[in-house]
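S.K.: Pasting work-v3.txt here (compact mmCIF, C-alpha atoms):
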```txt
# COMPACT_ATOMS: atom_id res chain seq x y z
CA MET E 1 2.34 -19.29 -157.72
CA THR E 2 -1.31 -18.53 -158.45
CA THR E 3 -4.36 -20.60 -157.68
CA PRO E 4 -5.80 -21.61 -161.07
CA ILE E 5 -9.45 -20.75 -161.70
CA PHE E 6 -11.29 -22.29 -164.64
CA THR E 7 -14.69 -21.26 -165.99
CA GLN E 8 -16.64 -23.46 -168.35
CA ARG E 9 -17.79 -21.44 -171.34
CA THR E 10 -21.07 -22.60 -172.85
CA GLY E 11 -23.41 -21.55 -175.61
CA GLY E 12 -22.37 -18.42 -177.46
CA ALA E 13 -19.42 -17.89 -175.11
CA ASN E 14 -17.90 -21.20 -176.21
CA PRO E 15 -16.29 -20.95 -179.66
CA LEU E 16 -16.38 -24.75 -179.80
CA ASP E 17 -20.10 -25.00 -179.01
CA THR E 18 -21.24 -26.12 -182.46
CA ILE E 19 -18.45 -28.64 -183.04
CA ASP E 20 -19.33 -32.33 -183.30
CA ALA E 21 -16.34 -34.39 -184.42
CA GLY E 22 -18.01 -37.78 -183.96
CA SER E 23 -17.44 -40.28 -181.21
CA ASN E 24 -14.02 -41.07 -179.75
CA ASN E 25 -12.25 -38.13 -181.32
CA ALA E 26 -8.82 -36.76 -180.41
CA PRO E 27 -8.23 -33.00 -180.80
CA VAL E 28 -4.89 -31.21 -180.93
CA PHE E 29 -4.12 -27.50 -180.97
CA VAL E 30 -1.92 -26.42 -183.85
CA ASP E 31 -1.38 -23.22 -185.81
CA ILE E 32 -1.73 -25.12 -189.04
CA ASP E 33 -1.87 -22.04 -191.30
CA GLY E 34 0.81 -19.95 -189.60
CA ASP E 35 -1.44 -16.98 -188.87
CA GLY E 36 -0.57 -16.73 -185.19
CA ASP E 37 -3.65 -18.34 -183.67
CA LEU E 38 -4.47 -21.92 -182.72
CA ASP E 39 -6.56 -24.11 -184.97
CA ILE E 40 -7.90 -27.53 -184.03
CA VAL E 41 -7.34 -30.77 -185.91
CA ALA E 42 -9.22 -33.80 -184.63
CA GLY E 43 -8.80 -37.44 -185.56
CA ASN E 44 -11.97 -39.49 -185.35
CA TYR E 45 -12.85 -43.12 -184.90
CA VAL E 46 -13.42 -43.73 -188.61
CA GLY E 47 -9.89 -42.59 -189.38
CA ASN E 48 -10.36 -39.13 -190.91
CA PHE E 49 -8.97 -35.76 -189.87
CA LEU E 50 -11.35 -32.87 -189.20
CA HIS E 51 -10.02 -29.34 -189.59
CA TYR E 52 -11.48 -26.53 -187.49
CA ARG E 53 -9.84 -23.32 -188.63
CA ASN E 54 -9.62 -20.42 -186.23
CA THR E 55 -11.27 -17.70 -188.27
CA GLY E 56 -11.23 -15.32 -185.31
CA THR E 57 -8.06 -14.09 -183.67
CA ALA E 58 -5.54 -15.28 -181.10
CA SER E 59 -7.51 -13.48 -178.37
CA ALA E 60 -11.06 -14.00 -179.69
CA PRO E 61 -11.14 -17.46 -181.26
CA ALA E 62 -13.91 -18.57 -183.61
CA PHE E 63 -13.79 -21.99 -185.24
CA THR E 64 -15.11 -23.02 -188.63
CA LEU E 65 -15.19 -26.59 -189.91
CA ILE E 66 -13.40 -26.57 -193.24
CA GLU E 67 -15.26 -29.01 -195.46
CA ASP E 68 -13.48 -32.00 -196.97
CA ASP E 69 -15.25 -31.79 -200.32
CA GLY E 70 -12.35 -31.15 -202.70
CA ASP E 71 -13.72 -27.72 -203.59
CA ASP E 72 -11.32 -24.88 -202.84
CA ASN E 73 -13.69 -22.32 -201.40
CA ASN E 74 -11.61 -19.12 -201.66
CA GLY E 75 -8.62 -20.85 -200.15
CA LEU E 76 -10.63 -22.43 -197.34
CA GLU E 77 -10.35 -26.03 -198.47
CA THR E 78 -8.94 -28.33 -195.81
CA PRO E 79 -5.36 -29.46 -196.46
CA PHE E 80 -6.43 -32.83 -195.05
CA HIS E 81 -8.82 -33.52 -197.94
CA GLY E 82 -9.02 -37.23 -198.65
CA LEU E 83 -6.47 -38.25 -196.01
CA ASN E 84 -7.30 -41.19 -193.77
CA VAL E 85 -5.74 -43.99 -191.73
CA TYR E 86 -8.17 -46.76 -192.63
CA SER E 87 -6.75 -47.48 -196.11
CA ASP E 88 -3.32 -48.88 -196.85
CA ASP E 89 -2.21 -45.85 -198.83
CA GLY E 90 -3.81 -43.19 -196.64
CA VAL E 91 -5.89 -41.72 -199.48
CA THR E 92 -8.20 -44.39 -200.88
CA VAL E 93 -11.70 -43.47 -199.79
CA LEU E 94 -13.91 -46.33 -198.68
CA SER E 95 -17.63 -46.23 -198.29
CA GLN E 96 -19.15 -46.30 -194.83
CA ASP E 97 -20.54 -49.75 -195.67
CA ASP E 98 -17.02 -51.00 -196.41
CA ILE E 99 -15.74 -49.57 -193.15
CA ASP E 100 -18.66 -50.87 -191.11
CA GLY E 101 -18.33 -54.25 -192.83
CA GLY E 102 -15.11 -54.90 -190.97
CA ASP E 103 -12.77 -55.36 -193.93
CA THR E 104 -10.61 -52.54 -192.66
CA GLY E 105 -11.95 -51.94 -189.15
CA TYR E 106 -12.01 -48.46 -187.74
CA GLY E 107 -9.06 -46.14 -188.05
CA TYR E 108 -9.00 -44.24 -184.74
CA ALA E 109 -6.81 -41.48 -186.19
CA GLN E 110 -4.28 -40.09 -183.72
CA PRO E 111 -2.85 -36.83 -185.16
CA ALA E 112 0.54 -35.53 -184.05
CA PHE E 113 2.21 -32.58 -185.75
CA VAL E 114 6.00 -32.51 -185.96
CA ASP E 115 8.53 -31.08 -188.39
CA LEU E 116 9.76 -34.53 -189.28
CA ASP E 117 11.88 -33.51 -192.28
CA ASN E 118 13.21 -30.26 -190.76
CA ASP E 119 11.99 -28.05 -193.59
CA GLY E 120 10.34 -25.50 -191.31
CA ASP E 121 6.74 -26.65 -191.59
CA LEU E 122 4.66 -29.19 -189.71
CA ASP E 123 4.10 -32.69 -191.00
CA LEU E 124 1.38 -35.04 -189.80
CA VAL E 125 2.04 -38.44 -188.22
CA SER E 126 -0.76 -40.68 -187.02
CA GLY E 127 -1.03 -44.00 -185.29
CA HIS E 128 -4.21 -45.99 -185.68
CA TYR E 129 -6.19 -49.01 -184.55
CA TYR E 130 -4.15 -51.62 -186.40
CA GLY E 131 -0.86 -50.55 -184.87
CA THR E 132 1.05 -49.05 -187.80
CA PHE E 133 1.98 -45.43 -188.53
CA PHE E 134 0.94 -43.07 -191.29
CA TYR E 135 3.10 -40.18 -192.52
CA PHE E 136 1.58 -37.23 -194.34
CA GLU E 137 4.33 -34.87 -195.49
CA ASN E 138 3.61 -31.17 -195.62
CA THR E 139 4.60 -30.29 -199.17
CA GLY E 140 3.13 -26.80 -198.94
CA GLY E 141 4.54 -24.57 -196.25
CA THR E 142 3.83 -22.87 -192.96
CA THR E 143 1.05 -20.61 -194.28
CA ALA E 144 -0.35 -22.75 -197.11
CA PRO E 145 -0.02 -26.35 -195.91
CA ALA E 146 -0.62 -29.26 -198.26
CA PHE E 147 -0.31 -32.82 -197.04
CA ALA E 148 0.71 -35.78 -199.17
CA ALA E 149 0.37 -39.37 -197.98
CA ARG E 150 3.65 -41.20 -198.23
CA VAL E 151 2.90 -44.71 -199.44
CA ASP E 152 3.99 -47.58 -197.24
CA ASP E 153 5.20 -49.83 -200.04
CA GLY E 154 8.93 -50.06 -199.33
CA ASN E 155 9.84 -48.10 -202.45
CA THR E 156 12.07 -45.14 -201.63
CA ALA E 157 11.59 -43.41 -204.99
CA ASN E 158 12.39 -39.70 -204.75
CA GLY E 159 12.76 -40.00 -201.00
CA VAL E 160 9.01 -39.83 -200.43
CA GLU E 161 8.59 -43.23 -198.82
CA ASN E 162 6.89 -43.54 -195.45
CA PRO E 163 9.82 -43.57 -192.98
CA PHE E 164 7.69 -45.78 -190.71
CA HIS E 165 7.41 -48.49 -193.36
CA GLY E 166 7.07 -51.93 -191.79
CA LEU E 167 6.80 -50.69 -188.19
CA ASP E 168 3.89 -52.24 -186.29
CA VAL E 169 3.09 -52.40 -182.57
CA GLY E 170 0.11 -54.72 -183.01
CA LEU E 171 -2.94 -52.64 -182.09
CA ASN E 172 -3.67 -49.06 -181.03
CA SER E 173 -0.40 -47.33 -181.85
CA THR E 174 0.17 -44.06 -179.99
CA THR E 175 3.01 -41.63 -180.61
CA THR E 176 5.27 -39.24 -178.76
CA PHE E 177 8.36 -37.69 -180.36
CA GLY E 178 11.62 -36.43 -178.94
CA ASP E 179 15.35 -36.42 -179.60
CA LEU E 180 16.19 -39.24 -177.22
CA ASP E 181 19.80 -39.70 -178.32
CA ASP E 182 20.71 -36.02 -178.77
CA ASP E 183 21.72 -36.39 -182.41
CA GLY E 184 19.58 -33.57 -183.74
CA ASP E 185 16.67 -35.55 -185.15
CA LEU E 186 13.37 -36.82 -183.77
CA ASP E 187 12.96 -40.34 -182.41
CA LEU E 188 9.65 -42.05 -181.66
CA VAL E 189 8.32 -43.81 -178.59
CA ALA E 190 5.10 -45.68 -179.27
CA GLY E 191 2.50 -47.20 -177.00
CA ALA E 192 0.43 -50.25 -177.85
CA HIS E 193 -2.65 -52.22 -176.87
CA ASN E 194 -0.63 -54.96 -175.12
CA GLY E 195 0.97 -52.44 -172.77
CA ILE E 196 4.48 -52.40 -174.22
CA LEU E 197 6.51 -49.32 -175.11
CA VAL E 198 8.49 -49.43 -178.34
CA TYR E 199 11.52 -47.29 -179.16
CA TYR E 200 12.05 -46.40 -182.81
CA GLU E 201 15.36 -44.61 -183.29
CA ASN E 202 15.68 -42.17 -186.14
CA THR E 203 18.67 -43.62 -187.94
CA GLY E 204 18.33 -41.21 -190.83
CA THR E 205 18.91 -37.50 -190.50
CA ALA E 206 16.96 -34.43 -189.47
CA THR E 207 15.94 -33.87 -193.10
CA ALA E 208 15.64 -37.49 -194.29
CA PRO E 209 14.14 -39.49 -191.40
CA ALA E 210 14.31 -43.27 -191.25
CA PHE E 211 13.08 -45.17 -188.19
CA THR E 212 14.51 -48.44 -186.88
CA GLU E 213 13.02 -50.47 -184.04
CA ARG E 214 15.55 -51.03 -181.28
CA THR E 215 15.40 -54.33 -179.43
CA GLY E 216 17.26 -56.07 -176.63
CA ASN E 217 20.18 -54.15 -175.15
CA ALA E 218 19.82 -51.41 -177.77
CA ASN E 219 16.31 -50.63 -176.52
CA PRO E 220 16.18 -48.64 -173.26
CA LEU E 221 12.49 -49.63 -173.01
CA ASP E 222 13.01 -53.36 -173.52
CA THR E 223 10.55 -55.41 -171.46
CA SER E 224 13.49 -57.09 -169.71
CA VAL E 225 14.31 -53.64 -168.30
CA VAL E 226 10.97 -51.81 -168.15
CA THR E 227 7.50 -53.31 -167.84
CA VAL E 228 4.61 -50.91 -167.37
CA PRO E 229 1.55 -52.51 -165.74
CA GLY E 230 -1.73 -52.51 -167.64
CA THR E 231 -2.57 -52.28 -171.32
CA ARG E 232 -3.16 -49.61 -173.99
CA THR E 233 -0.18 -47.49 -173.02
CA ALA E 234 -0.30 -43.76 -173.78
CA PRO E 235 3.25 -42.34 -173.42
CA THR E 236 4.25 -38.70 -173.12
CA LEU E 237 7.86 -37.49 -173.30
CA ALA E 238 8.76 -34.61 -170.99
CA ASP E 239 11.67 -33.55 -168.82
CA VAL E 240 9.68 -34.01 -165.61
CA ASP E 241 12.65 -33.63 -163.24
CA ARG E 242 14.38 -30.90 -165.29
CA ASP E 243 17.72 -32.69 -165.54
CA ASN E 244 18.00 -31.97 -169.28
CA ASP E 245 16.93 -35.36 -170.55
CA LEU E 246 13.53 -36.72 -171.55
CA ASP E 247 11.52 -38.82 -169.11
CA LEU E 248 8.29 -40.68 -169.84
CA VAL E 249 4.90 -40.32 -168.20
CA VAL E 250 2.64 -43.21 -169.19
CA GLY E 251 -1.10 -43.63 -168.88
CA ASN E 252 -2.87 -46.92 -169.48
CA ASP E 253 -6.19 -48.74 -169.64
CA ASP E 254 -6.26 -49.13 -165.85
CA GLY E 255 -6.57 -45.39 -165.33
CA THR E 256 -3.24 -45.05 -163.50
CA PHE E 257 -0.04 -43.16 -164.31
CA TYR E 258 3.60 -44.24 -164.27
CA TRP E 259 6.86 -42.33 -164.35
CA LEU E 260 9.80 -43.77 -166.24
CA GLU E 261 12.71 -41.64 -165.14
CA ASN E 262 15.55 -41.23 -167.59
CA THR E 263 18.49 -42.21 -165.43
CA GLY E 264 20.86 -42.08 -168.36
CA ASN E 265 21.52 -38.78 -170.08
CA ALA E 266 20.43 -36.73 -173.07
CA SER E 267 22.42 -38.84 -175.54
CA THR E 268 22.26 -42.29 -173.91
CA PRO E 269 18.78 -42.80 -172.48
CA ALA E 270 18.13 -45.38 -169.76
CA PHE E 271 14.68 -45.63 -168.24
CA THR E 272 13.84 -46.77 -164.73
CA LEU E 273 10.26 -47.46 -163.71
CA ARG E 274 9.71 -45.82 -160.37
CA ALA E 275 7.97 -48.28 -158.06
CA ASP E 276 4.32 -47.54 -157.35
CA ASP E 277 4.38 -48.95 -153.81
CA GLY E 278 4.02 -45.85 -151.65
CA ASP E 279 7.54 -46.24 -150.26
CA ALA E 280 9.75 -43.28 -151.16
CA GLN E 281 13.12 -44.96 -151.59
CA ASN E 282 15.70 -42.17 -151.76
CA GLY E 283 13.29 -40.05 -153.76
CA LEU E 284 12.79 -42.75 -156.38
CA GLU E 285 9.08 -43.32 -155.76
CA ASN E 286 6.51 -42.89 -158.53
CA PRO E 287 5.25 -39.31 -157.97
CA PHE E 288 1.86 -40.44 -159.35
CA HIS E 289 1.46 -43.20 -156.75
CA GLY E 290 -2.18 -43.91 -155.93
CA PHE E 291 -3.69 -41.76 -158.67
CA ASP E 292 -6.46 -43.46 -160.63
CA VAL E 293 -8.95 -41.88 -163.05
CA GLY E 294 -10.87 -45.10 -163.67
CA SER E 295 -9.71 -46.21 -167.09
CA THR E 296 -7.86 -45.07 -170.23
CA SER E 297 -5.68 -42.47 -168.53
CA ALA E 298 -3.93 -40.07 -170.90
CA PRO E 299 -1.70 -37.44 -169.26
CA ALA E 300 -1.66 -33.78 -170.29
CA LEU E 301 1.27 -31.90 -168.78
CA GLY E 302 1.55 -28.15 -168.32
CA ASP E 303 2.32 -25.48 -165.75
CA VAL E 304 -1.31 -24.88 -164.84
CA ASP E 305 -0.64 -22.83 -161.70
CA GLY E 306 2.27 -20.76 -163.04
CA ASP E 307 4.87 -21.87 -160.50
CA GLY E 308 7.45 -23.07 -163.00
CA ASP E 309 6.94 -26.82 -162.80
CA LEU E 310 4.74 -29.29 -164.65
CA ASP E 311 1.30 -30.22 -163.34
CA LEU E 312 -0.91 -32.99 -164.72
CA VAL E 313 -4.49 -32.86 -165.97
CA ALA E 314 -6.44 -35.93 -167.07
CA GLY E 315 -9.98 -36.80 -168.01
CA THR E 316 -11.80 -39.65 -166.31
CA ASP E 317 -13.97 -42.45 -167.60
CA VAL E 318 -17.09 -40.83 -166.10
CA GLY E 319 -16.62 -37.43 -167.73
CA SER E 320 -14.99 -35.47 -164.91
CA ILE E 321 -11.53 -33.84 -164.92
CA SER E 322 -8.75 -34.61 -162.46
CA TYR E 323 -6.00 -32.17 -161.50
CA PHE E 324 -2.72 -33.29 -159.97
CA GLU E 325 -0.65 -30.35 -158.77
CA ASN E 326 3.14 -30.60 -158.67
CA THR E 327 3.88 -29.47 -155.13
CA GLY E 328 7.53 -30.42 -155.37
CA THR E 329 10.11 -28.64 -157.43
CA ASN E 330 11.47 -28.65 -160.96
CA THR E 331 14.05 -31.29 -160.04
CA ALA E 332 12.10 -33.28 -157.43
CA PRO E 333 8.51 -33.56 -158.64
CA VAL E 334 5.79 -34.48 -156.14
CA PHE E 335 2.21 -34.62 -157.34
CA GLU E 336 -0.85 -34.17 -155.16
CA ALA E 337 -4.40 -34.93 -156.22
CA ARG E 338 -6.61 -31.92 -155.62
CA VAL E 339 -9.84 -33.12 -154.07
CA ASP E 340 -13.01 -32.44 -156.02
CA ASP E 341 -15.17 -31.64 -152.98
CA GLY E 342 -15.99 -27.96 -153.46
CA ASP E 343 -14.06 -26.96 -150.32
CA ASP E 344 -11.26 -24.54 -151.16
CA GLU E 345 -8.67 -25.35 -148.52
CA ASN E 346 -5.76 -22.93 -148.86
CA GLY E 347 -6.10 -22.90 -152.62
CA LEU E 348 -5.77 -26.67 -152.88
CA GLU E 349 -9.17 -27.33 -154.46
CA ASN E 350 -9.52 -28.98 -157.85
CA PRO E 351 -10.10 -26.00 -160.20
CA PHE E 352 -12.27 -28.27 -162.35
CA HIS E 353 -14.64 -29.06 -159.47
CA GLY E 354 -18.18 -29.69 -160.65
CA PHE E 355 -17.31 -29.80 -164.34
CA ARG E 356 -18.65 -32.87 -166.04
CA VAL E 357 -19.07 -33.76 -169.68
CA ASN E 358 -20.00 -36.94 -171.48
CA VAL E 359 -17.98 -40.07 -170.77
CA ARG E 360 -14.50 -40.87 -172.11
CA VAL E 361 -12.71 -37.55 -171.80
CA ASP E 362 -9.68 -36.58 -173.89
CA THR E 363 -7.90 -33.38 -172.84
CA ASP E 364 -5.57 -30.86 -174.43
CA LEU E 365 -3.99 -27.76 -172.86
CA GLY E 366 -3.26 -24.58 -174.78
CA ASP E 367 -3.59 -20.80 -174.62
CA LEU E 368 -6.76 -20.66 -176.68
CA ASP E 369 -7.54 -16.99 -176.03
CA GLY E 370 -4.01 -15.60 -176.17
CA ASP E 371 -3.97 -14.18 -172.64
CA GLY E 372 -0.79 -15.94 -171.52
CA ASP E 373 -2.24 -18.79 -169.48
CA LEU E 374 -3.22 -22.36 -170.27
CA ASP E 375 -6.84 -23.15 -171.05
CA LEU E 376 -8.30 -26.64 -171.30
CA VAL E 377 -10.25 -28.15 -174.17
CA VAL E 378 -12.05 -31.42 -173.56
CA ALA E 379 -13.41 -33.80 -176.17
CA ASP E 380 -16.05 -36.16 -174.85
CA GLY E 381 -17.18 -39.55 -176.07
CA SER E 382 -20.08 -38.13 -178.06
CA GLY E 383 -17.87 -35.91 -180.22
CA GLU E 384 -18.51 -32.56 -178.55
CA PHE E 385 -15.79 -30.10 -177.50
CA HIS E 386 -15.85 -28.14 -174.26
CA TRP E 387 -13.76 -25.07 -173.41
CA PHE E 388 -12.66 -24.41 -169.83
CA GLU E 389 -11.18 -20.93 -169.87
CA ASN E 390 -8.41 -20.16 -167.40
CA THR E 391 -9.81 -17.04 -165.76
CA SER E 392 -7.10 -16.85 -163.08
CA PRO E 393 -5.83 -13.32 -162.43
CA ALA E 394 -2.22 -12.64 -163.46
CA SER E 395 -1.54 -16.29 -164.20
CA THR E 396 1.54 -16.93 -166.32
CA PRO E 397 1.94 -20.67 -166.72
CA THR E 398 4.64 -22.11 -168.90
CA GLU E 399 4.51 -25.10 -171.16
CA GLU E 400 6.38 -28.32 -171.76
CA GLU E 401 6.74 -29.31 -175.38
CA ASP E 402 6.94 -32.77 -176.84
CA THR E 403 10.70 -32.44 -177.24
CA PRO E 404 13.40 -30.28 -175.71
CA PRO E 405 14.70 -27.40 -177.81
CA ALA E 406 15.91 -28.94 -181.04
CA PRO E 407 16.41 -27.93 -184.66
CA VAL E 408 12.74 -28.65 -185.33
CA THR E 409 9.40 -27.17 -184.45
CA LEU E 410 7.32 -29.38 -182.22
CA PRO E 411 5.19 -31.01 -180.68
CA GLY E 412 1.73 -32.52 -181.00
CA THR E 413 0.71 -29.00 -181.65
CA THR E 414 3.26 -26.39 -182.32
CA SER E 415 3.23 -22.71 -182.09
CA GLY E 416 4.60 -22.63 -178.59
CA ASP E 417 1.00 -22.25 -177.47
CA ASP E 418 0.38 -25.86 -176.69
CA VAL E 419 1.71 -28.36 -174.25
CA LEU E 420 2.78 -31.88 -174.68
CA THR E 421 -0.08 -34.28 -174.21
CA GLY E 422 -0.65 -37.95 -174.25
CA THR E 423 -3.57 -39.32 -176.16
CA ASP E 424 -6.13 -41.86 -175.18
CA VAL E 425 -5.67 -44.73 -177.61
CA ALA E 426 -9.28 -45.72 -177.24
CA GLU E 427 -10.42 -42.31 -178.38
CA ILE E 428 -8.49 -41.88 -181.40
CA ILE E 429 -2.29 -39.92 -179.87
```
Could you spell out this file's structure in structure tokens?

M.R.:
Amino acid sequence: MTTPIFTQRTGGANPLDTIDAGSNNAPVFVDIDGDGDLDIVAGNYVGNFLHYRNTGTASAPAFTLIEDDGDDNNGLETPFHGLNVYSDDGVTVLSQDDIDGGDTGYGYAQPAFVDLDNDGDLDLVSGHYYGTFFYFENTGGTTAPAFAARVDDGNTANGVENPFHGLDVGLNSTTTFGDLDDDGDLDLVAGAHNGILVYYENTGTATAPAFTERTGNANPLDTSVVTVPGTRTAPTLADVDRDNDLDLVVGNDDGTFYWLENTGNASTPAFTLRADDGDAQNGLENPFHGFDVGSTSAPALGDVDGDGDLDLVAGTDVGSISYFENTGTNTAPVFEARVDDGDDENGLENPFHGFRVNVRVDTDLGDLDGDGDLDLVVADGSGEFHWFENTSPASTPTEEEDTPPAPVTLPGTTSGDDVLTGTDVAEII
């Protein structure tokens, strides 16, 4: 295990220094053009997708905003041109006056990239403020992506219908994907403003997805079985205890975190909310007991310290960054909050001590500079991006993706250089 060291890069040393994505944006790392380095796609509060192409290299990133003007500038036009989550069809462009007038409300785009149709390239799925889901199919390919909005009209002509047609969680839909029933396709767990978690089983196939809401006994997340305290749930699927099935880590509007352990198996999930009462009952206590980042917690999971298990990083409502180290094991996770007091006690200090950005922090972990460890990118409430480079010596952290190995390429970002993250529903998952 190594003690992680992070250095905030500013000015010319920060390749994200000139980026302003607008307030309440949600960035994800993704190699969208298949050139071996990580690009950034950010959803913003209006409901658009901003594309920052890495025009540098995997080890020396440089980001350029690709304009959404419909003009193909030597192949540099954004594949997200015209796409949005504030119109019913995902492509109708409204004026700012129409948006501000309240007829549609704000979109809060929440981008997640998954190979939903198993054709070898990444598609785009987004939740939004009004609780439904948009599907933008990649009809190009891995190196020349082109995204087409699949209309949510119930018409399955030519198989290009939105597979999320009719699904609605109410407000603030968030997404996390994984093969919960081990049938070779991706299922969806969604968070919502009212605090519920909704399970949408993929009842289609790996190449022709169709999602069905499971209720009652068919829903392992039914409120009669699992009730997560708080509102505005932000779920993240990950095999936290390394027993070969997917568990859930859930953030919420209260700023706390909850662990829903999958006590079933890889093909028949059953989730048990581990009590947050400080009493370790046969190892079944919530490993995040007592952790609180203020409000709108959104977990980012990754092996930050290179010891082979998943740690947790989260932004706070005041602009600081919290680090919760997994001091247990792969199979028995125990998380410990690293105190942000500037006193390095046996390597147990918060490596983000003293770092502070604007309020309402959204985080994403990824190897931005291609040196084999996980860096941190933070989007703040004003729309600026901040890069915290992992400058630890000989650090070799691993990653947890949004699904276990499956016949698809995942997760919310994709090249194997990103980790599974939750998304703050107020900022956009």

S.K.: Please list as a PyMOL selection string every residue within 12 Å of Gly140 (chain E), counting all atoms listed in the file and excluding residues in the same chain fewer than 3 positions away.

M.R.: chain E and resi 32-34+79-80+119-123+136-137+143-148

S.K.: Quick check, in Å to one decimal: how far apart do CA of Pro27 (chain E) and CA of Thr64 (chain E) lie?

M.R.: 14.4 Å

S.K.: Considering only C-alpha atoms, state which residue in the set E:Tyr200, E:Phe133, E:Phe288, E:Phe211 is at the smallest distance from Asp89 (chain E).

M.R.: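 Among E:Tyr200, E:Phe133, E:Phe288, E:Phe211, it is E:Phe133 that comes nearest to Asp89 (chain E).
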
S.K.: Counting only C-alpha atoms, find the residues whose atoms lie at most 10 Å from (5.7, -33.6, -163.7) (file coordinates) and write them out as a ChimeraX atom specification.

M.R.: /E:238-242,247-249,259,287-288,300-303,309-312,324-335,400

S.K.: Using all atoms listed in the file, which protein or nucleic acid residues come within 9 Å of Val226 (chain E)? Drop anything in the same chain fewer than 6 positions from it, and give the result as a list in words.

M.R.: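 The contact residues come out as Ile196, Leu197, Pro220, Leu260, Phe271, Thr272 and Leu273 of chain E.
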
S.K.: What's the separation between CA of Ala266 (chain E) and CA of Gly184 (chain E), in Å to one decimal place?

M.R.: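 Distance between the two atoms: 11.2 Å.
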
S.K.: Kindly indicate which residue among E:Ala109, E:Val250, E:Ala208, E:Leu221 lies nearest to Asn172 (chain E), using all atoms listed in the file for the distances.

M.R.: E:Ala109

S.K.: Do you have the CA of Gly47 (chain E)-CA of Asp367 (chain E) distance handy?

M.R.: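 Here the two named atoms are 27.1 Å from each other.
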
S.K.: Please provide as a ChimeraX atom specification all residues within 7 Å of Tyr135 (chain E), with the sequence filter that same-chain residues fewer than 4 positions apart are discarded (counting only C-alpha atoms).

M.R.: /E:124-126,149-150,162
